[in-house]
file start.txt (compact mmCIF, C-alpha atoms)
# COMPACT_ATOMS: atom_id res chain seq x y z
CA MET A 301 -67.32 -15.73 38.02
CA LYS A 302 -69.51 -14.58 35.10
CA LYS A 303 -66.95 -11.91 34.25
CA ILE A 304 -64.17 -14.51 34.17
CA ILE A 305 -66.18 -16.82 31.91
CA LEU A 306 -67.00 -13.91 29.59
CA LEU A 307 -63.32 -12.94 29.45
CA ILE A 308 -62.27 -16.46 28.50
CA CYS A 309 -64.94 -16.58 25.77
CA VAL A 310 -63.62 -13.31 24.31
CA ILE A 311 -60.11 -14.74 24.30
CA LEU A 312 -61.19 -17.87 22.49
CA LEU A 313 -63.04 -15.74 19.94
CA PHE A 314 -59.89 -13.77 19.20
CA VAL A 315 -57.86 -16.90 18.46
CA THR A 316 -60.34 -18.67 16.20
CA PRO A 317 -58.19 -20.05 13.32
CA MET A 318 -58.29 -18.08 10.08
CA ILE A 319 -56.64 -19.38 6.92
CA VAL A 320 -55.07 -17.05 4.38
CA SER A 321 -55.80 -18.35 0.90
CA GLN A 322 -53.05 -16.46 -0.89
CA PRO A 323 -49.79 -18.34 -1.54
CA VAL A 324 -46.65 -17.21 0.24
CA GLU A 325 -44.83 -14.60 -1.81
CA ASN A 326 -41.19 -13.70 -2.28
CA SER A 327 -40.23 -10.37 -0.78
CA LEU A 328 -37.03 -8.39 -0.43
CA ALA A 329 -38.62 -5.90 2.04
CA LEU A 330 -32.99 -15.52 10.97
CA SER A 331 -28.75 -36.12 35.18
CA ASN A 332 -32.29 -34.58 33.81
CA SER A 333 -32.64 -31.74 31.36
CA THR A 334 -30.02 -29.15 30.51
CA MET A 335 -31.54 -25.67 30.46
CA ILE A 336 -30.23 -23.49 27.64
CA LYS A 337 -29.15 -20.03 28.78
CA LEU A 338 -27.64 -17.13 26.85
CA VAL A 339 -26.03 -13.94 28.10
CA THR A 340 -28.61 -11.52 29.53
CA ASN A 341 -28.38 -7.83 28.61
CA ASP A 342 -30.70 -6.55 31.33
CA PHE A 343 -33.62 -8.02 29.42
CA THR A 344 -36.97 -8.18 31.19
CA HIS A 345 -37.51 -11.66 29.71
CA THR A 346 -36.09 -14.14 27.23
CA VAL A 347 -37.14 -13.00 23.77
CA PHE A 348 -38.78 -15.40 21.32
CA THR A 349 -38.47 -15.16 17.53
CA GLU A 350 -40.33 -17.01 14.77
CA TYR A 351 -38.85 -17.05 11.28
CA ALA A 352 -41.27 -17.77 8.40
CA THR A 353 -39.64 -19.22 5.30
CA THR A 354 -39.69 -21.97 2.64
CA THR A 355 -37.10 -24.21 0.99
CA TRP A 356 -37.59 -22.53 -2.40
CA CYS A 357 -37.24 -18.89 -1.33
CA PRO A 358 -34.24 -17.27 -3.11
CA ASN A 359 -34.25 -14.25 -0.78
CA CYS A 360 -34.25 -16.25 2.46
CA PRO A 361 -30.59 -17.37 2.90
CA PRO A 362 -29.44 -13.90 4.12
CA ALA A 363 -32.23 -13.96 6.72
CA SER A 364 -31.26 -17.48 7.81
CA GLU A 365 -27.59 -16.54 8.09
CA GLY A 366 -28.31 -13.28 9.91
CA LEU A 367 -30.57 -14.84 12.54
CA PHE A 368 -28.20 -17.76 13.12
CA GLU A 369 -25.29 -15.33 13.45
CA VAL A 370 -27.07 -13.32 16.16
CA TYR A 371 -27.99 -16.48 18.05
CA ASN A 372 -24.47 -17.90 17.89
CA SER A 373 -23.00 -14.64 19.19
CA SER A 374 -24.58 -15.45 22.60
CA GLU A 375 -24.93 -11.72 23.19
CA TYR A 376 -28.70 -11.72 23.43
CA ASP A 377 -31.08 -13.64 25.64
CA PHE A 378 -33.38 -15.13 23.01
CA HIS A 379 -34.42 -18.31 21.24
CA TYR A 380 -35.83 -18.77 17.78
CA VAL A 381 -37.66 -21.33 15.69
CA THR A 382 -37.83 -21.65 11.91
CA LEU A 383 -41.21 -22.21 10.25
CA VAL A 384 -40.48 -24.02 6.96
CA SER A 385 -44.02 -23.88 5.67
CA ASP A 386 -43.74 -25.56 2.26
CA VAL A 387 -42.54 -28.92 3.64
CA ASN A 388 -44.16 -29.04 7.07
CA PRO A 389 -47.94 -28.57 7.41
CA ASN A 390 -47.54 -27.77 11.11
CA ALA A 391 -45.20 -24.88 10.27
CA GLN A 392 -47.61 -23.74 7.55
CA THR A 393 -50.49 -23.70 10.02
CA ARG A 394 -48.52 -21.68 12.55
CA SER A 395 -47.28 -19.26 9.91
CA TRP A 396 -50.58 -18.69 8.12
CA GLN A 397 -53.09 -19.04 10.93
CA GLY A 398 -50.87 -17.51 13.60
CA TYR A 399 -49.74 -14.48 11.60
CA PHE A 400 -51.66 -14.63 8.31
CA ASN A 401 -48.16 -14.62 6.86
CA MET A 402 -48.05 -13.48 3.22
CA ALA A 403 -44.37 -12.86 2.44
CA ILE A 404 -41.07 -14.60 3.02
CA PRO A 405 -38.72 -14.22 4.67
CA THR A 406 -40.50 -12.65 7.61
CA VAL A 407 -39.27 -12.60 11.20
CA TYR A 408 -41.73 -12.10 14.07
CA ILE A 409 -40.23 -10.95 17.37
CA ASP A 410 -42.07 -11.87 20.59
CA GLY A 411 -45.31 -12.94 18.96
CA GLY A 412 -45.43 -9.99 16.57
CA TYR A 413 -44.37 -7.13 18.83
CA SER A 414 -42.19 -6.26 15.85
CA ASN A 415 -41.64 -7.91 12.49
CA LEU A 416 -39.38 -7.58 9.48
CA VAL A 417 -40.40 -8.61 5.98
CA GLY A 418 -37.41 -9.52 3.83
CA SER A 419 -33.76 -9.15 4.77
CA ALA A 420 -31.29 -6.29 4.90
CA GLY A 421 -28.43 -7.94 3.03
CA SER A 422 -25.14 -7.78 4.89
CA SER A 423 -26.80 -5.72 7.64
CA THR A 424 -29.47 -8.34 8.41
CA ALA A 425 -27.82 -9.59 11.60
CA SER A 426 -27.52 -6.08 13.05
CA VAL A 427 -31.14 -5.29 12.18
CA TYR A 428 -32.35 -8.46 13.90
CA SER A 429 -30.20 -7.83 16.97
CA GLY A 430 -31.64 -4.32 17.27
CA MET A 431 -35.20 -5.67 17.10
CA ILE A 432 -34.44 -8.36 19.67
CA GLU A 433 -32.87 -5.84 22.03
CA GLU A 434 -35.80 -3.44 21.70
CA SER A 435 -38.30 -6.17 22.55
CA GLY A 436 -36.13 -7.55 25.35
CA LEU A 437 -36.26 -4.23 27.20
CA ARG A 438 -40.06 -3.75 27.14
CA ASP A 439 -42.34 -4.24 30.15
CA VAL A 440 -43.83 -7.72 30.47
CA SER A 441 -45.91 -9.66 32.97
CA ASN A 442 -43.89 -11.04 35.88
CA VAL A 443 -44.04 -14.74 35.06
CA ASP A 444 -41.46 -17.53 35.00
CA LEU A 445 -41.27 -20.49 32.65
CA GLU A 446 -39.21 -23.66 32.90
CA THR A 447 -38.88 -26.45 30.34
CA GLN A 448 -37.51 -29.92 31.00
CA VAL A 449 -37.06 -32.69 28.43
CA ASP A 450 -36.33 -36.35 29.13
CA TRP A 451 -35.31 -38.58 26.23
CA ASN A 452 -37.07 -41.95 26.26
CA GLY A 453 -35.54 -43.38 23.08
CA ASN A 454 -37.13 -44.23 19.73
CA ALA A 455 -38.04 -40.59 19.01
CA LYS A 456 -40.02 -40.34 22.27
CA MET A 457 -39.67 -37.59 24.89
CA THR A 458 -41.29 -36.58 28.16
CA ILE A 459 -41.67 -32.80 28.24
CA THR A 460 -42.45 -30.96 31.48
CA ILE A 461 -43.26 -27.25 31.57
CA THR A 462 -43.75 -25.21 34.74
CA ALA A 463 -45.36 -21.77 34.52
CA THR A 464 -45.29 -19.48 37.56
CA ASN A 465 -47.24 -16.27 38.10
CA ASN A 466 -45.23 -13.98 40.41
CA GLN A 467 -47.91 -11.29 40.40
CA ASN A 468 -50.68 -10.53 42.87
CA SER A 469 -53.20 -10.59 40.02
CA PHE A 470 -54.50 -13.26 37.67
CA TYR A 471 -52.55 -14.18 34.55
CA ILE A 472 -54.03 -15.54 31.33
CA GLY A 473 -51.85 -16.58 28.43
CA PHE A 474 -51.21 -19.12 25.72
CA LEU A 475 -48.50 -21.69 26.31
CA LYS A 476 -46.88 -22.98 23.15
CA THR A 477 -44.09 -25.56 23.26
CA TYR A 478 -42.23 -26.04 20.00
CA VAL A 479 -40.25 -29.19 19.22
CA THR A 480 -37.41 -28.19 16.88
CA GLU A 481 -34.58 -29.85 15.01
CA ILE A 482 -31.30 -28.03 15.69
CA VAL A 483 -29.79 -28.86 12.29
CA SER A 484 -32.82 -29.25 10.09
CA ARG A 485 -33.59 -31.99 7.61
CA TRP A 486 -34.69 -29.16 5.29
CA ASN A 487 -32.31 -26.85 3.44
CA ASP A 488 -32.74 -23.27 2.34
CA TYR A 489 -32.38 -22.09 -1.26
CA SER A 490 -28.57 -21.98 -1.00
CA GLY A 491 -28.44 -25.64 0.08
CA ALA A 492 -27.54 -24.87 3.70
CA PRO A 493 -29.63 -26.58 6.40
CA TYR A 494 -32.08 -24.50 8.37
CA HIS A 495 -31.60 -24.35 12.13
CA TYR A 496 -34.14 -24.88 14.93
CA ALA A 497 -36.77 -25.92 12.40
CA PHE A 498 -40.19 -26.39 13.95
CA LEU A 499 -41.52 -29.96 13.80
CA ASP A 500 -44.75 -29.76 15.82
CA PHE A 501 -46.21 -28.47 19.06
CA ALA A 502 -45.87 -30.55 22.21
CA VAL A 503 -48.19 -28.16 24.09
CA ASN A 504 -50.54 -25.54 22.66
CA ASN A 505 -52.91 -24.56 25.47
CA LEU A 506 -54.63 -21.69 27.22
CA VAL A 507 -53.11 -21.17 30.68
CA PHE A 508 -54.90 -19.55 33.61
CA LEU A 509 -52.77 -18.78 36.68
CA GLY A 510 -54.01 -17.35 39.95
CA PRO A 511 -51.93 -14.86 41.95
CA GLN A 512 -48.61 -16.39 43.04
CA GLN A 513 -49.63 -19.69 41.46
CA SER A 514 -47.54 -22.28 39.60
CA LYS A 515 -48.74 -24.99 37.24
CA THR A 516 -46.76 -27.93 35.91
CA MET A 517 -47.78 -29.69 32.70
CA THR A 518 -46.26 -32.94 31.48
CA THR A 519 -46.76 -34.44 28.03
CA GLU A 520 -45.36 -37.35 26.06
CA TRP A 521 -44.18 -36.44 22.55
CA ASP A 522 -43.65 -39.23 20.03
CA GLY A 523 -42.01 -38.33 16.74
CA SER A 524 -42.94 -41.65 15.15
CA ILE A 525 -46.69 -41.06 15.20
CA ASP A 526 -48.61 -39.02 12.66
CA HIS A 527 -48.13 -35.26 12.98
CA ASN A 528 -50.65 -33.88 10.52
CA GLY A 529 -49.48 -36.15 7.69
CA ILE A 530 -45.78 -36.15 8.53
CA THR A 531 -43.64 -38.25 10.91
CA PHE A 532 -40.30 -37.69 12.62
CA GLU A 533 -39.27 -41.20 13.70
CA ASP A 534 -35.64 -40.49 12.72
CA ILE A 535 -35.00 -37.64 15.15
CA THR A 536 -31.99 -38.04 17.46
CA GLN A 537 -31.44 -36.88 21.02
CA ASP A 538 -28.47 -34.66 20.19
CA ASN A 539 -30.33 -32.76 17.47
CA ILE A 540 -33.48 -31.65 19.32
CA LYS A 541 -34.27 -28.46 21.20
CA VAL A 542 -37.64 -27.76 22.81
CA VAL A 543 -38.71 -24.12 23.16
CA SER A 544 -41.65 -22.94 25.29
CA SER A 545 -43.20 -19.48 25.23
CA LEU A 546 -45.98 -17.78 27.18
CA PHE A 547 -48.00 -15.40 25.01
CA HIS A 548 -50.10 -12.80 26.84
CA TRP A 549 -53.82 -13.11 26.09
CA MET A 550 -54.32 -9.49 25.05
CA PRO A 551 -54.33 -9.09 21.23
CA HIS A 552 -52.72 -6.23 19.32
CA LEU A 553 -53.64 -5.47 15.71
CA LYS A 554 -50.43 -5.32 13.68
CA THR A 555 -49.37 -4.85 10.08
CA GLY A 556 -46.91 -7.08 8.23
CA TYR A 557 -46.40 -7.28 4.47
CA GLU A 558 -47.80 -4.39 2.44
CA SER A 559 -48.15 -3.84 -1.30
CA ASP A 560 -50.42 -1.93 -3.66
CA GLU A 561 -52.69 -4.97 -3.85
CA VAL A 562 -52.76 -6.36 -0.33
CA THR A 563 -51.96 -5.56 3.29
CA GLN A 564 -51.24 -8.23 5.88
CA ARG A 565 -52.91 -7.60 9.23
CA PHE A 566 -52.77 -9.99 12.14
CA LEU A 567 -53.46 -10.20 15.85
CA ALA A 568 -50.20 -10.23 17.79
CA PHE A 569 -50.03 -11.82 21.23
CA TYR A 570 -46.87 -10.56 22.88
CA VAL A 571 -44.53 -12.99 24.60
CA ASP A 572 -44.00 -12.60 28.35
CA GLU A 573 -41.41 -15.35 28.86
CA THR A 574 -39.54 -18.10 27.02
CA SER A 575 -37.43 -21.07 28.06
CA ALA A 576 -35.74 -23.93 26.24
CA ALA A 577 -34.09 -27.25 26.94
CA VAL A 578 -32.39 -30.11 25.14
CA PRO A 579 -33.33 -33.71 25.92
CA GLU A 580 -31.34 -35.68 28.49
CA TYR A 581 -31.59 -39.23 29.77

call {"tool": "encode", "arguments": {"input": "start.txt", "output": "structure tokens"}}
result
Amino acid sequence: MKKIILLICVILLFVTPMIVSQPVENSLALSNSTMIKLVTNDFTHTVFTEYATTTWCPNCPPASEGLFEVYNSSEYDFHYVTLVSDVNPNAQTRSWQGYFNMAIPTVYIDGGYSNLVGSAGSSTASVYSGMIEESGLRDVSNVDLETQVDWNGNAKMTITITATNNQNSFYIGFLKTYVTEIVSRWNDYSGAPYHYAFLDFAVNNLVFLGPQQSKTMTTEWDGSIDHNGITFEDITQDNIKVVSSLFHWMPHLKTGYESDEVTQRFLAFYVDETSAAVPEY
């Protein structure tokens, strides 16, 4: 028991919030609930991607277009969320404290297993698809994740997440459930709306699963209440997607943006599984 308590303390120490003081920089260097499924290419899990950006970034539209193109192709089993950090403090917190993000656009695949700073012009979509495929084929913990969303009206939802450990050993991870707007209220520099823009977390918890154990968590999410100084009382049922990801507890020191003056280093927690759902009555 003492070893377990010590392990949990170490985990909590690793994820103590750290705020990067530097501003984000431009860089050149995307019934009940209906479960969203894409074509599976022998992936070991559903890949999760986080896209860090702002509304004023002139180099971000190619990244937005490339990521959206890969997603719409339905060739890869993945979901993504867009962190528009200059207009949403919740996205800023995730971007800066989660990754110490220092440059935009930056795409983080599976919690930082790989990342790309900037875009690759007309080849951006193919670069992203290659990164997604590489991460989708890696070994992960044998866990399952299900997300269900019930629409209650007036910007309110009941969100239920079930995490299952299929292993004969203990599993520790971080469960993060992102509420996103499919067609965002925020536009990129070209005037096109972002897609799957992160609004706020519905769940952001440490999860401990025993061997062959399942846990179900239910939460009520209300867009009309205060979400760190911003409200979303105008969201509509047909424009919401909820994405849940399980991040393995073990940290990996990674490098992101690099220049002569500064190097971005962050602790990456690799994703073991992802699921998503749209709200239904």

call {"tool": "residues_around", "arguments": {"input": "start.txt", "residues": "Thr480 in chain A", "least_positions_apart": "4", "cutoff": "6 Å", "atoms": "only C-alpha atoms", "output": "list in words"}}
result
Tyr496, Ala497, Phe498, Leu499, Ile540, Lys541 and Val542 of chain A

call {"tool": "residues_around", "arguments": {"input": "start.txt", "residues": "Val417 in chain A", "least_positions_apart": "2", "cutoff": "10 Å", "atoms": "only C-alpha atoms", "output": "ChimeraX atom specification"}}
result
/A:326-329,352,363,401-408,415,419-420,556-558

call {"tool": "residues_around", "arguments": {"input": "start.txt", "residues": "Leu567 in chain A", "least_positions_apart": "2", "cutoff": "6 Å", "atoms": "only C-alpha atoms", "output": "JSON, numbers by chain"}}
result
{"A": [551, 552, 553]}

call {"tool": "closest_residue", "arguments": {"input": "start.txt", "among": "A:Thr536, A:Ser395, A:Ser385, A:Thr344", "to": "Trp486 in chain A", "atoms": "all atoms listed in the file"}}
result
A:Ser385

call {"tool": "closest_residue", "arguments": {"input": "start.txt", "among": "A:Ile461, A:Val483, A:Val507, A:Val384", "to": "His495 in chain A", "atoms": "all atoms listed in the file"}}
result
A:Val483

call {"tool": "residues_around", "arguments": {"input": "start.txt", "residues": "Leu546 in chain A", "least_positions_apart": "5", "cutoff": "9 Å", "atoms": "all atoms listed in the file", "output": "list of chain:residue names"}}
result
A:Val443, A:Leu445, A:Ala463, A:Gly473, A:Phe474, A:Leu475, A:Lys476, A:Thr477, A:Val507, A:Tyr570, A:Val571, A:Asp572, A:Glu573, A:Thr574

call {"tool": "closest_residue", "arguments": {"input": "start.txt", "among": "A:His345, A:Arg485, A:Lys554, A:Lys515", "to": "Val387 in chain A", "atoms": "only C-alpha atoms"}}
result
A:Arg485

call {"tool": "atom_distance", "arguments": {"input": "start.txt", "atom1": "CA of Trp396 in chain A", "atom2": "CA of Gly411 in chain A"}}
result
13.4 Å
